[in-house]
Structures are given as structure tokens and as C-alpha cells.
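Data block for protein-v3.cif (mmCIF, C-alpha atoms):
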data_model
#
loop_
_atom_site.label_atom_id
_atom_site.label_comp_id
_atom_site.auth_asym_id
_atom_site.auth_seq_id
_atom_site.Cartn_x
_atom_site.Cartn_y
_atom_site.Cartn_z
CA MET A 1 -4.81 5.19 6.46
CA LEU A 2 -5.24 8.95 6.69
CA GLN A 3 -6.61 8.54 10.19
CA ARG A 4 -3.29 6.97 11.24
CA GLN A 5 -0.87 9.59 9.98
CA ASP A 6 0.74 10.06 13.39
CA GLU A 7 1.50 6.34 13.60
CA ILE A 8 2.90 6.35 10.10
CA ARG A 9 5.14 9.29 10.98
CA SER A 10 6.38 7.40 14.05
CA ILE A 11 7.71 4.46 12.03
CA PRO A 12 11.53 4.65 12.26
CA ALA A 13 11.99 4.32 8.50
CA ALA A 14 11.25 6.16 5.32
CA VAL A 15 7.78 5.30 4.03
CA VAL A 16 6.54 5.23 0.45
CA ARG A 17 3.12 4.03 -0.63
CA VAL A 18 2.23 2.73 -4.07
CA ALA A 19 -1.22 2.93 -5.64
CA TYR A 20 -2.54 1.87 -9.02
CA ASP A 21 -5.68 3.97 -9.28
CA ASP A 22 -6.28 6.46 -12.03
CA PRO A 23 -4.79 9.69 -10.66
CA SER A 24 -8.14 11.49 -10.71
CA LEU A 25 -9.80 8.72 -8.69
CA LEU A 26 -6.86 8.55 -6.34
CA GLY A 27 -7.12 12.28 -5.78
CA ALA A 28 -10.75 11.95 -4.84
CA LYS A 29 -9.97 9.08 -2.49
CA LEU A 30 -6.81 10.21 -0.79
CA LEU A 31 -5.44 13.60 -1.52
CA ARG A 32 -8.32 15.95 -0.80
CA ASP A 33 -6.79 18.83 1.15
CA LEU A 34 -4.79 16.64 3.50
CA PRO A 35 -1.00 16.58 3.51
CA LEU A 36 0.29 13.05 3.10
CA PRO A 37 3.18 12.04 5.40
CA PHE A 38 4.81 9.91 2.68
CA PRO A 39 5.44 9.96 -1.07
CA LEU A 40 2.50 8.44 -2.92
CA LEU A 41 3.70 6.68 -6.07
CA LEU A 42 1.47 5.79 -8.99
CA ASP A 43 1.77 2.43 -10.76
CA ALA A 44 -0.95 2.78 -13.37
CA SER A 45 0.31 -0.20 -15.40
CA ARG A 46 0.60 -2.34 -12.25
CA GLN A 47 3.95 -3.62 -13.51
CA THR A 48 5.60 -2.75 -10.19
CA TYR A 49 2.81 -4.60 -8.36
CA ALA A 50 3.55 -7.62 -10.54
CA ASN A 51 7.29 -7.41 -9.88
CA TRP A 52 6.91 -7.10 -6.11
CA GLY A 53 4.14 -9.67 -5.91
CA PRO A 54 1.62 -8.56 -3.30
CA GLY A 55 -0.75 -10.89 -5.13
CA ARG A 56 -4.35 -11.00 -6.26
CA THR A 57 -7.54 -12.29 -4.75
CA ASN A 58 -10.74 -13.88 -5.99
CA LEU A 59 -14.33 -12.61 -6.07
CA PHE A 60 -14.85 -13.38 -2.38
CA GLY A 61 -11.69 -11.58 -1.31
CA ALA A 62 -12.32 -8.66 -3.63
CA MET A 63 -15.94 -7.87 -2.87
CA LEU A 64 -17.71 -10.34 -0.61
CA SER A 65 -15.51 -10.75 2.44
CA PRO A 66 -17.10 -9.64 5.73
CA SER A 67 -14.04 -7.60 6.70
CA LEU A 68 -14.16 -5.64 3.43
CA ASN A 69 -17.85 -4.87 3.77
CA TRP A 70 -17.34 -3.89 7.40
CA HIS A 71 -14.60 -1.53 6.19
CA TYR A 72 -17.00 0.15 3.75
CA LEU A 73 -19.79 0.27 6.33
CA ARG A 74 -17.50 2.11 8.75
CA LEU A 75 -16.64 4.63 6.02
CA LEU A 76 -20.30 5.27 5.38
CA LEU A 77 -21.07 5.57 9.10
CA ARG A 78 -18.33 8.20 9.37
CA GLY A 79 -20.08 10.13 6.63
CA GLU A 80 -17.51 9.43 3.93
CA ARG A 81 -18.51 8.80 0.37
CA PHE A 82 -18.03 5.44 -1.34
CA PRO A 83 -14.56 5.79 -2.84
CA GLY A 84 -15.51 4.30 -6.19
CA PHE A 85 -14.42 1.20 -8.02
CA ALA A 86 -10.75 0.63 -8.71
CA PRO A 87 -9.50 -0.38 -12.16
CA ASP A 88 -8.66 -3.83 -10.78
CA MET A 89 -10.79 -4.97 -7.85
CA PHE A 90 -8.76 -8.18 -7.47
CA GLN A 91 -5.41 -6.52 -6.82
CA LEU A 92 -4.22 -6.99 -3.25
CA GLY A 93 -1.91 -4.78 -1.25
CA GLY A 94 1.09 -5.62 0.85
CA ASP A 95 3.94 -4.19 2.89
CA PHE A 96 7.68 -4.70 2.45
CA VAL A 97 10.38 -3.55 4.85
CA ILE A 98 13.69 -2.95 3.07
CA ASP A 99 16.91 -2.82 5.08
CA PRO A 100 19.54 -0.11 4.53
CA ALA A 101 21.46 -2.41 2.16
CA GLY A 102 18.42 -2.80 -0.09
CA ARG A 103 17.43 -6.32 0.98
CA ILE A 104 13.90 -7.44 1.87
CA ALA A 105 13.70 -7.73 5.65
CA PHE A 106 9.98 -8.21 6.25
CA VAL A 107 6.91 -9.01 4.15
CA HIS A 108 3.20 -8.76 4.79
CA ARG A 109 0.75 -9.73 2.05
CA MET A 110 -2.95 -9.01 2.38
CA ARG A 111 -5.27 -12.03 2.34
CA ASN A 112 -8.24 -10.04 1.06
CA ASN A 113 -9.09 -6.47 0.33
CA GLY A 114 -10.66 -5.93 3.73
CA ALA A 115 -7.57 -6.92 5.65
CA GLY A 116 -6.04 -4.06 7.57
CA GLN A 117 -2.44 -3.06 7.28
CA PRO A 118 -0.34 -4.04 10.31
CA TRP A 119 0.91 -0.66 11.52
CA ASP A 120 1.16 -1.88 15.10
CA ASP A 121 3.45 -4.75 14.12
CA LEU A 122 5.49 -2.68 11.71
CA MET B 1 -0.90 -10.47 15.31
CA ALA B 2 -0.87 -9.74 11.62
CA ASP B 3 -0.38 -12.46 9.06
CA PHE B 4 3.25 -12.08 8.08
CA ASN B 5 4.73 -14.31 5.45
CA THR B 6 8.28 -14.44 6.70
CA ASP B 7 9.63 -16.93 4.17
CA TRP B 8 8.86 -14.92 1.07
CA GLY B 9 11.89 -13.18 -0.34
CA ILE B 10 13.47 -12.40 3.01
CA GLY B 11 17.11 -11.46 2.53
CA ASN B 12 16.80 -11.07 -1.22
CA PRO B 13 17.49 -7.76 -2.93
CA ALA B 14 14.35 -5.68 -3.28
CA PRO B 15 13.01 -5.46 -6.83
CA GLU B 16 13.49 -2.20 -8.66
CA LEU B 17 10.95 0.47 -7.92
CA SER B 18 10.95 3.51 -10.18
CA LEU B 19 7.64 5.38 -10.44
CA PRO B 20 6.26 8.89 -10.60
CA ASP B 21 4.76 10.32 -7.45
CA SER B 22 1.34 11.94 -7.26
CA GLU B 23 2.81 15.23 -8.46
CA GLY B 24 4.65 13.70 -11.40
CA ARG B 25 8.15 13.66 -9.90
CA ALA B 26 10.31 10.60 -10.57
CA PHE B 27 11.06 8.39 -7.58
CA SER B 28 13.54 5.53 -7.38
CA LEU B 29 14.34 3.10 -4.60
CA ALA B 30 17.99 4.04 -5.01
CA ASP B 31 17.12 7.52 -3.73
CA LEU B 32 16.63 6.05 -0.26
CA ARG B 33 19.44 3.49 -0.17
CA GLY B 34 21.18 3.53 3.21
CA LYS B 35 17.96 4.00 5.20
CA PRO B 36 15.38 1.45 6.33
CA LEU B 37 12.33 1.76 4.13
CA LEU B 38 8.71 0.63 4.25
CA VAL B 39 7.14 0.13 0.82
CA SER B 40 3.39 -0.21 1.17
CA PHE B 41 1.23 -1.29 -1.77
CA LEU B 42 -2.38 -0.15 -1.51
CA SER B 43 -5.36 -2.28 -2.37
CA HIS B 44 -8.55 -0.77 -3.75
CA ALA B 45 -9.99 -0.57 -0.26
CA ALA B 46 -7.20 1.58 1.18
#
Please render this file's structure as C-alpha cells.
Amino acid sequence: MLQRQDEIRSIPAAVVRVAYDDPSLLGAKLLRDLPLPFPLLLDASRQTYANWGPGRTNLFGAMLSPSLNWHYLRLLLRGERFPGFAPDMFQLGGDFVIDPAGRIAFVHRMRNNGAGQPWDDL
Amino acid sequence: MADFNTDWGIGNPAPELSLPDSEGRAFSLADLRGKPLLVSFLSHAA
């Protein structure tokens, strides 16, 4: 995600991202010294996740999928540290485009935790 | 092509979203009404 900041900035819409990690873990994973090109919101209770419904996965999708392990291998090959375990390894992510009137215009739900986010299509 | 689920909630009002940001400031979806918006939920692997 942080490697694609220019693409995120080029999206012709406001962008907010929602995370559920403990703030200290999230800081270690994301914030570092880098400026984020979007507000990063914290949903520690995951109630907003539940309301919006990006969904949950099973053991395979959470930890055993080839795409997820390839994702972690690439991080390690780039010299990054393992980001640590999240409070809920089964929680999936997703993307929602909201039109100016506040209606849902587009939805993408991750199939597993290794699935990339579709910046090119967005 | 990404796997878009185009029949899920399309055209419906977005659910409320009111959360603190990473610096503790309150954020509400209503703050950005009138602009297109991308709301992206992170997974643990983000």
C-alpha cells in the first residue's frame, strides 16, 4: 500500500482507509515516518467492519493461501520485518466507492487475506 | 481484472462511518458528502 502512494493520490476521489489493529501495532506496520496520503481510521471494535460487511475468511484464507504467503515472502525479501499478528486474522478487507450523494457505487470484497487491492481498476 | 461483486449493495445508502483517525480526531462520512469517496477496509496483511 505504501509503495503505491502516487497511485492512491491519483484516484479522483477522497480516500479514507479503515484498520482494526491495535494502534501501537498499526503504528509499527504503517505509520513509521511516512506521510500517509489519506486519513487512516481506527475501528478497534470492528463494529464498522461488521456494518459494512467486507466479510471474514477461514483458516485457509487467513493463513494458508499461496497468495498470502507470497505476499509475506516478498516483504521479507525486501528486508521488511514480519508485521505481526492482527487481533483477528480472519477479518477480510474490501473497498467501497461512494458517490457524491452518499450511495454505494462500487464494491470489491477480498476473497482471502493475500488478495491485492484493485487500484488499477479503481 | 479484480473480483468485483457488483450486486452487493449497489445504489443503497452507505452505512454510517464515524471513527477516530490515527491521531484521535473524529471522522464522519458526512464530512465528505458531495464528493466521490473510496472507503478501503484493510485486512491484516495490508
Proximity of chain A to chain B: per-residue shortest pair, 7 Å limit, all atoms listed in the file, as a Markdown table:
| residue | atom | partner | partner_atom | distance |
| --- | --- | --- | --- | --- |
| A:Met1 | CA | B:Ala46 | CA | 6.8 |
| A:Ala13 | CA | B:Pro36 | CA | 4.9 |
| A:Ala14 | CA | B:Leu37 | CA | 4.7 |
| A:Val15 | CA | B:Leu38 | CA | 4.8 |
| A:Val16 | CA | B:Val39 | CA | 5.1 |
| A:Arg17 | CA | B:Ser40 | CA | 4.6 |
| A:Val18 | CA | B:Phe41 | CA | 4.7 |
| A:Ala19 | CA | B:Leu42 | CA | 5.3 |
| A:Pro39 | CA | B:Asp21 | CA | 6.4 |
| A:Leu40 | CA | B:Asp21 | CA | 5.4 |
| A:Leu41 | CA | B:Asp21 | CA | 4.0 |
| A:Leu42 | CA | B:Asp21 | CA | 5.8 |
| A:Asp43 | CA | B:Leu19 | CA | 6.6 |
| A:Thr48 | CA | B:Leu17 | CA | 6.6 |
| A:Asn51 | CA | B:Pro15 | CA | 6.8 |
| A:Trp52 | CA | B:Pro15 | CA | 6.4 |
| A:Ala86 | CA | B:His44 | CA | 5.6 |
| A:Met89 | CA | B:His44 | CA | 6.3 |
| A:Gln91 | CA | B:Ser43 | CA | 6.1 |
| A:Leu92 | CA | B:Ser43 | CA | 4.9 |
| A:Gly93 | CA | B:Ser43 | CA | 4.4 |
| A:Gly94 | CA | B:Phe41 | CA | 5.1 |
| A:Asp95 | CA | B:Ser40 | CA | 4.4 |
| A:Phe96 | CA | B:Val39 | CA | 5.1 |
| A:Val97 | CA | B:Leu38 | CA | 4.5 |
| A:Ile98 | CA | B:Leu37 | CA | 5.0 |
| A:Asp99 | CA | B:Pro36 | CA | 4.7 |
| A:Pro100 | CA | B:Gly34 | CA | 4.2 |
| A:Ala101 | CA | B:Gly34 | CA | 6.0 |
| A:Gly102 | CA | B:Pro13 | CA | 5.8 |
| A:Arg103 | CA | B:Pro13 | CA | 4.2 |
| A:Ile104 | CA | B:Ile10 | CA | 5.1 |
| A:Ala105 | CA | B:Ile10 | CA | 5.4 |
| A:Phe106 | CA | B:Ile10 | CA | 6.3 |
| A:Val107 | CA | B:Asn5 | CA | 5.9 |
| A:His108 | CA | B:Phe4 | CA | 4.7 |
| A:Arg109 | CA | B:Phe4 | CA | 6.9 |
| A:Asn113 | CA | B:Ala45 | CA | 6.0 |
| A:Gly114 | CA | B:Ala45 | CA | 6.7 |
| A:Pro118 | CA | B:Ala2 | CA | 5.9 |
Do a neighbour search on A:Phe90 at 7 Å with all atoms listed in the file, toss out local chain neighbours closer than 2 positions, and write the hits as a VMD selection string.
chain A and resid 56 to 58 62 88 92
To one decimal place in Å, what is the distance between atom CA of A:Tyr49 and atom CA of B:Asp31?
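Between atom CA of A:Tyr49 and atom CA of B:Asp31 the gap is 19.3 Å.
For the atom pair formed by atom CA of A:Gly55 and atom CA of A:Arg111, the distance is 8.8 Å, given to one decimal.
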Centre, edges in Å (one decimal): axis-aligned box, stretch 91-97 of chain A, 4 Å padding on all six sides, as lines of an AutoDock Vina configuration file:
center_x = 2.5
center_y = -5.3
center_z = -1.0
size_x = 23.8
size_y = 11.4
size_z = 19.7
What is the atom CA of A:Leu59-atom CA of A:Arg46 distance in Å, reported with one decimal?
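These atoms are spaced 19.1 Å apart.
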